[in-house]
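**Student:** So that we are looking at the same thing, I have put the structure below in structure tokens.
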There are 2 protein chains.
Amino acid sequence: MLTREVLQELIQVIGIENVLTEKEDLLTYAYDATAAMKHCMPEVVVTPLSTEHVAEIVKIAARHKVPIYPRGAGTNLSGGTIPIEGGIVLSMLNLNKILEVDQDNLTATVQPGVIIQALNDEVVKHGLLYPPDPGTITTATMGGSVSECSGGLRGLKYGVTKHYIMGLQIVLANGEVIRWGGKTVKNVTGYDLVALYTGAEGTLGIITEIIVKLIPAPEARKSIMAVFDDVDKAGNAIAAIIRNKIIPATLEIMDNVTIQTVENFVHAGLPMNAEAILLCEVDGYKEVVEREAVLVERVLKEEGAVEVKIAKNDQERDLLWLARRSALPALAQKRPTTVLEDATVPRSKIPDMLKAIRRIATKHNLQIATFGHAGDGNLHPTILTDVRDEEEMKRVHLAVEEIFETAIALGGTLSGEHGIGIAKMKFLDWEFGEAGVAALRSIKEALDPNYIMNPGKIVRRD
Amino acid sequence: MLTREVLQELIQVIGIENVLTEKEDLLTYAYDATAAMKHCMPEVVVTPLSTEHVAEIVKIAARHKVPIYPRGAGTNLSGGTIPIEGGIVLSMLNLNKILEVDQDNLTATVQPGVIIQALNDEVVKHGLLYPPDPGTITTATMGGSVSECSGGLRGLKYGVTKHYIMGLQIVLANGEVIRWGGKTVKNVTGYDLVALYTGAEGTLGIITEIIVKLIPAPEARKSIMAVFDDVDKAGNAIAAIIRNKIIPATLEIMDNVTIQTVENFVHAGLPMNAEAILLCEVDGYKEVVEREAVLVERVLKEEGAVEVKIAKNDQERDLLWLARRSALPALAQKRPTTVLEDATVPRSKIPDMLKAIRRIATKHNLQIATFGHAGDGNLHPTILTDVRDEEEMKRVHLAVEEIFETAIALGGTLSGEHGIGIAKMKFLDWEFGEAGVAALRSIKEALDPNYIMNPGKIVRRD
């Protein structure tokens, strides 16, 4: 229980107007976007306005050994922001300034509460791009995105969040404020703590400032849709494109269930009877885009696509991507609960993973729609279910476990982009063994010996 | 002192033929490529032939608390491989197999003793490239290169070693063998220990297998030399190229002292009277290369280059890069000792850093030649001196300190690509403060509580 004393100290630091304690206010901080996850009420929500506020609040939490959970927009998909042990939720939404766009060094400096899309809206004015592109780009914050190391649609060519984080200001678990990294392209000073904090899910400290790398925005892009009457052929076509030395910006797959659901939802002209479609976008200089589009079209036909359609104009292109981005909301309409999974394998194993997902769905008599970032091996098998149906949920959990087991057996990983959070903690030793989990735990304890930083995520006390 | 018992255990694990103890054998393991650094004799050198050997040897070291130092080709430039506390040097040179080139997943899997160039010679057969390109590419090993997070000439467009390391097999300080990461483009499972071990200089464990990312080799490239009668103009031209949304593969600078020395050494036709030259290479699809070369030429002229020369053929191009790669060996001929420094600032601060280096050279009456990876802000001021001249060496050390101070004051970092090792340990708190160094130390102690892994590098016991 949070004592009156702690509450008084918090109010003293940031003012009563930035402290929430009423039950109805706390309620929305009790969960995040993860399905079928228990809700946990925080004891207090505080909204700092500066790094100094964060440092002072962390010092209070450290002194009283009270858990503290940084929170952005709460869009994460592994329970990473749920205040599982009560305590203080630190809402970062008012630390929302873009502090600088530096065109000479191709960097931007932002506070953690900045929405990813807002950053892109700003840098596009200078002809620049911040490439990470998670599905939640219009709602998720930069702080959350760095903490979860968001992936998204552009991973294949451009990489993921960690490839764009150059510097971080961090409030450590003892309240000390440190800067790691900076604006230099090269930096080998000490251990790479910028990388360690990126994807640490707020369990090692709190991000209060972020320096990101920008790139010149590609001048042209072209989108291609390929229709397949056989999922395996679609799976094989993915590796074939890469073998032909084309690295598309985006290479996505949707299976038949997803196609039908999306088409009913957005009417984008998707082929309702296709077993699978691939959506591909190439970008860069316009000459390159022309060349690559032709080559991609040829490869897709060679690999057995029954139809290949190149978007003729912006409108056609935008409609294709609207369709892709509608996959999750459309599927979410079908049943009361949508369990969105994150099965990640080496690209060459996509056909095997697709087959395994179909087998698992049949075995457990579940409806699983699959879509995702096929080009980088990151699929989203999505189980359409109902959390109130206990018997079905048992089958869901078994299916999820089998999906992870299969991904790891195929040389993949437990999580490509959704994080470990609460949801996947218990499976960590499948990938790393006990000694590996112990190594992770030793890092947690080195930087947060009292487990006050977003406790109950990634690793627990032994 | 290493006991007879430890020696017997080592011989039992890997056979007497893989154990060196004679003074004349040990001598070459007492130093590395770092200038003006004390030599330290190891007590024994062992050459493992497998990961299992490494694990067994580490277990022996752990049991007896004997220091253990992994070593590749010993080309590093911050004293990182010097066995400063005696003990066991682990020569990784016989773990030198390229285990796989996976064209579908664009990865290669190698043992740590593979020479970087040998990997590239292999992958080029498949039209692929491993981009990291340190000056020591023909001699340095992959293990050393990952441990130091080598930079090199292609950092600007392609990034550095850490951007290409997808998976590592590590022998921890307790002898446990763990795999982190793998062949998936996306991976957010647990803390990013692949990144933590990349650049950890062997202080957290020993790398026994490496999965790297490959890219399709660019089909064309074009090299451009720009001659300046003013160093500042050359410095300004760098940021101007980037502002024009061109990211060259390579963008290097050489000052007048370097130019004259190199020209006398290789006769590449460099302009002996130029104050500075920029060497630039653009690469990619041939249409893009044409477009970018024209634009780079225009920008260089606008920025005041007195001559801009585009290499007409492979021979002219190779000669330019031979000249650039000869900078260090040529300078090394001029005086008995060459102190090669690593001053790294945000790209926009290159003109300021160049000015500061000239000021520091004058102040301490030293000959400093400067060349380096200007496009990514990483300069190599090179002090030509004589280690036997104690008075001059005092001035050298003062100048080096001022160079670091200036780099940090300009928003740069202590080391862009040479690492901390022994050489820069004492300056770490300039960049991170005491609390930051304490955080680094806590990570060291979490993963190597007895300081047996390459002790005396990056952080020492408090």
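Each chain of the structure tokens is named A, B, ... in the order shown, its residues numbered from 1; ligands are numbered from 1 in display order.
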Could you pull out the residues in segment 87-226 of chain B that DSSP calls strand (DSSP E) from the backbone, as a PyMOL selection string?

**Tutor:** chain B and resi 88-91+98-102+107-110+128-129+165-171+177-181+206-213+215-216+220-226

**Student:** Output C-alpha atoms for every residue in that selection, as a tab-separated table (two decimals), in the first residue's frame.

**Tutor:**
```tsv
chain	number	residue	atom	x	y	z
B	88	ILE	CA	45.41	-16.79	-19.83
B	89	VAL	CA	45.33	-15.38	-23.36
B	90	LEU	CA	42.78	-17.23	-25.47
B	91	SER	CA	43.87	-17.04	-29.09
B	98	ILE	CA	32.72	-19.63	-42.19
B	99	LEU	CA	29.93	-21.96	-41.12
B	100	GLU	CA	27.19	-20.81	-43.49
B	101	VAL	CA	26.15	-18.19	-46.03
B	102	ASP	CA	22.34	-18.16	-46.08
B	107	THR	CA	22.95	-13.93	-43.15
B	108	ALA	CA	26.33	-15.52	-42.65
B	109	THR	CA	27.38	-17.54	-39.63
B	110	VAL	CA	31.05	-17.44	-38.73
B	128	LEU	CA	26.37	-10.08	-51.27
B	129	LEU	CA	28.32	-7.74	-49.00
B	165	ILE	CA	25.31	-8.39	-35.81
B	166	MET	CA	22.09	-10.43	-35.52
B	167	GLY	CA	23.10	-13.27	-33.26
B	168	LEU	CA	25.93	-14.31	-30.96
B	169	GLN	CA	26.95	-17.44	-29.17
B	170	ILE	CA	28.65	-16.39	-25.96
B	171	VAL	CA	30.54	-18.24	-23.27
B	177	VAL	CA	27.10	-21.21	-23.32
B	178	ILE	CA	24.21	-19.00	-24.45
B	179	ARG	CA	22.82	-17.98	-27.82
B	180	TRP	CA	21.41	-14.48	-28.11
B	181	GLY	CA	19.49	-13.33	-31.18
B	206	ILE	CA	33.68	-14.65	-24.99
B	207	ILE	CA	32.15	-14.69	-28.46
B	208	THR	CA	32.30	-18.13	-30.06
B	209	GLU	CA	29.90	-17.76	-32.99
B	210	ILE	CA	28.52	-14.78	-34.91
B	211	ILE	CA	25.49	-14.41	-37.18
B	212	VAL	CA	25.83	-11.34	-39.38
B	213	LYS	CA	23.45	-9.56	-41.68
B	215	ILE	CA	23.15	-6.96	-48.00
B	216	PRO	CA	23.02	-7.21	-51.79
B	220	ALA	CA	27.91	0.36	-59.26
B	221	ARG	CA	30.05	2.92	-57.51
B	222	LYS	CA	31.78	6.14	-58.38
B	223	SER	CA	34.59	7.92	-56.58
B	224	ILE	CA	35.12	11.64	-56.46
B	225	MET	CA	38.07	13.68	-55.19
B	226	ALA	CA	37.63	17.33	-54.26
```

**Student:** Excluding segment 408-421 of chain B and its own-chain neighbours fewer than 2 positions away, which residues fall within 6 Å of it when counting only C-alpha atoms? Please give them as JSON, numbers by chain.

**Tutor:** {"A": [186, 187, 188, 189], "B": [77, 78, 79, 80, 148, 150, 151, 342, 344, 345, 346, 404, 405, 406, 423, 424, 425, 457, 458]}

**Student:** Tell me which of A:Lys349, A:His380, A:Arg359, A:Lys23 sits closest to chain B, counting only C-alpha atoms.

**Tutor:**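 For chain B, the nearest of the candidates is A:Lys349.
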
**Student:** Residues at most 7 Å from segment 47-49 of chain A, counting only C-alpha atoms, excluding those fewer than 3 positions away in the same chain, as JSON, numbers by chain?

**Tutor:** {"A": [14, 18, 19, 53, 54, 90, 91, 92, 94, 95]}

**Student:** Find the distance between atom CA of Cys280 of chain B and atom CA of Gly377 of chain B and write it in Å to one decimal.

**Tutor:** 14.2 Å

**Student:** Could you name the residues that touch Met272 of chain A at 10 Å or less, counting only C-alpha atoms, but leaving out those on the same chain fewer than 4 positions away, as a list in words?

**Tutor:** Asn256, Val257, Thr258, Ile259, Gln260, Thr261, Val262, Glu263, Asn264 and Ala276 of chain A

**Student:** Would you work out the distance separating atom CA of Val46 of chain B from atom CA of Leu10 of chain B, expressed in Å to one decimal?

**Tutor:**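 About the pair atom CA of Val46 of chain B and atom CA of Leu10 of chain B: they are 7.9 Å apart.
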
**Student:** Kindly indicate which residue among A:Pro134, A:Gly155, A:Pro248, A:Gly175 lies nearest to Leu295 of chain A, using only C-alpha atoms for the distances.

**Tutor:**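 Residue with the minimum atom-to-atom distance to Leu295 of chain A: A:Pro248.
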
**Student:** Quick one: pick out all alpha helix (DSSP H) residues within segment 181-288 of chain B from a backbone DSSP run and write them as a ChimeraX atom specification.

**Tutor:** /B:193-197,231-243,256-266,286-288

**Student:** Using only C-alpha atoms, can you tell me which of A:Cys149, A:Leu119, A:Val231, A:Ala323 comes closest to chain B?

**Tutor:**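 Between A:Cys149, A:Leu119, A:Val231, A:Ala323, the residue approaching chain B most closely is A:Cys149.
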
**Student:** For a test of reading the model, state the distance in Å between atom CA of Lys233 of chain A and atom CA of Ala374 of chain A, rounded to one decimal.

**Tutor:**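 The value is 12.8 Å.
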
**Student:** List the spatial neighbours of Asp386 of chain B as number ranges by chain - criterion: any atom at most 10 Å away, only C-alpha atoms, same-chain residues fewer than 5 positions off excluded.

**Tutor:** B: 36, 335-339, 391-393, 396

**Student:** Could you take the residues named above and write them with N, CA, C and O atoms, as a tab-separated table (two decimals), in the first residue's frame?

**Tutor:**
```
chain	number	residue	atom	x	y	z
B	36	ALA	N	52.45	3.41	-27.63
B	36	ALA	CA	52.80	3.97	-26.33
B	36	ALA	C	52.03	3.31	-25.19
B	36	ALA	O	51.50	3.97	-24.31
B	335	ARG	N	57.84	9.29	-38.24
B	335	ARG	CA	58.49	9.38	-36.93
B	335	ARG	C	58.41	7.99	-36.29
B	335	ARG	O	57.60	7.16	-36.69
B	336	PRO	N	59.22	7.75	-35.27
B	336	PRO	CA	59.24	6.40	-34.68
B	336	PRO	C	57.89	5.96	-34.09
B	336	PRO	O	57.57	4.78	-34.09
B	337	THR	N	57.11	6.92	-33.58
B	337	THR	CA	55.86	6.54	-32.90
B	337	THR	C	54.67	7.29	-33.52
B	337	THR	O	54.76	8.49	-33.77
B	338	THR	N	53.59	6.56	-33.76
B	338	THR	CA	52.40	7.15	-34.36
B	338	THR	C	51.25	6.98	-33.38
B	338	THR	O	50.80	5.86	-33.13
B	339	VAL	N	50.80	8.07	-32.79
B	339	VAL	CA	49.65	7.98	-31.87
B	339	VAL	C	48.40	8.33	-32.66
B	339	VAL	O	48.14	9.48	-33.00
B	391	GLU	N	59.90	14.02	-22.74
B	391	GLU	CA	59.35	15.39	-22.68
B	391	GLU	C	58.28	15.55	-23.76
B	391	GLU	O	57.17	16.03	-23.49
B	392	GLU	N	58.59	15.09	-24.97
B	392	GLU	CA	57.59	15.22	-26.05
B	392	GLU	C	56.35	14.38	-25.74
B	392	GLU	O	55.22	14.80	-25.98
B	393	MET	N	56.55	13.20	-25.18
B	393	MET	CA	55.40	12.33	-24.87
B	393	MET	C	54.47	12.97	-23.84
B	393	MET	O	53.27	12.77	-23.89
B	396	VAL	N	52.39	15.09	-25.82
B	396	VAL	CA	51.45	14.24	-26.58
B	396	VAL	C	50.24	13.90	-25.70
B	396	VAL	O	49.08	14.04	-26.12
```

**Student:** Hey, what's within 12 Å of Ala140 of chain B if we count only C-alpha atoms and toss same-chain stuff fewer than 6 positions away? As a list in words, please?

**Tutor:**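 Once the adjacent positions are removed, what remains is Asp32, Ala33, Arg71, Gly72, Ala73, Gly74, Thr75, Asn76, Leu77, Met92, Leu93, Asn96, Pro112, Gly113, Val114, Ile115, Ile116, Gln117, Ala118, Leu119, Pro132, Asp133, Pro134, Val146, Ser147, Glu148, Cys149 and Ser150 of chain B.
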